[in-house]
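Undergrad: My questions will all concern the structure given below.
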Amino acid sequence: MSQTLSPQAGAAALALALGAALSLTHAPAHAIGADQEKCYGVAMKGKNDCAAGAGTTCAGTAKRDFQGNAWKAVAKGSCEKMASPTSPTGHGQLKEFKEKT
């Protein structure tokens with residue numbers, strides 16, 4: 001027994017599929033609170049909060065600890081006090097940075 005969709009049902013299914021796909025590609029970026037700041041170079045491997053440049057797409061995609069282009073949301077004013085062995089200053093940065101080797 002074979003079942004076929006009417007043209008209207010097929011069009012509706014296609015519209016739903018396209019709508020779902022578009023909603024996934026336009027998901028909002030990770031929002032941080034007014035009392036927080038993005039701190040680069042302090043996230044552990046797989047523990048970053050969101051998009052951070054080449055090699056990352058969003059939350060949990062940092063490839064290594066203290067990655068210079070991966071950020072973590074931290075309390076405002078605390079970032080540059082946090083340790084980051086890959087940072088040029090040895091502390092978290094408010095902007096992405098090239099890791100020292």
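Chain lettering (A, B, ...) mirrors the order of the structure tokens, residue numbering begins at 1 for each chain separately, and ligand numbering begins at 1 in order of display.
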Write out as number ranges by chain the residues lying within 12 Å of Ser78 (chain A), counting only C-alpha atoms and excluding same-chain residues fewer than 4 positions away.
TA: A: 35-40, 42, 72-74, 82-83, 91-94
Undergrad: Find the residues around region 56-66 of chain A up to 12 Å (only C-alpha atoms counted), leave out those fewer than 5 positions away in its own chain, and share them as number ranges by chain.
TA: A: 25, 27-31, 39-51, 71-73, 82-88, 90-93, 96-100
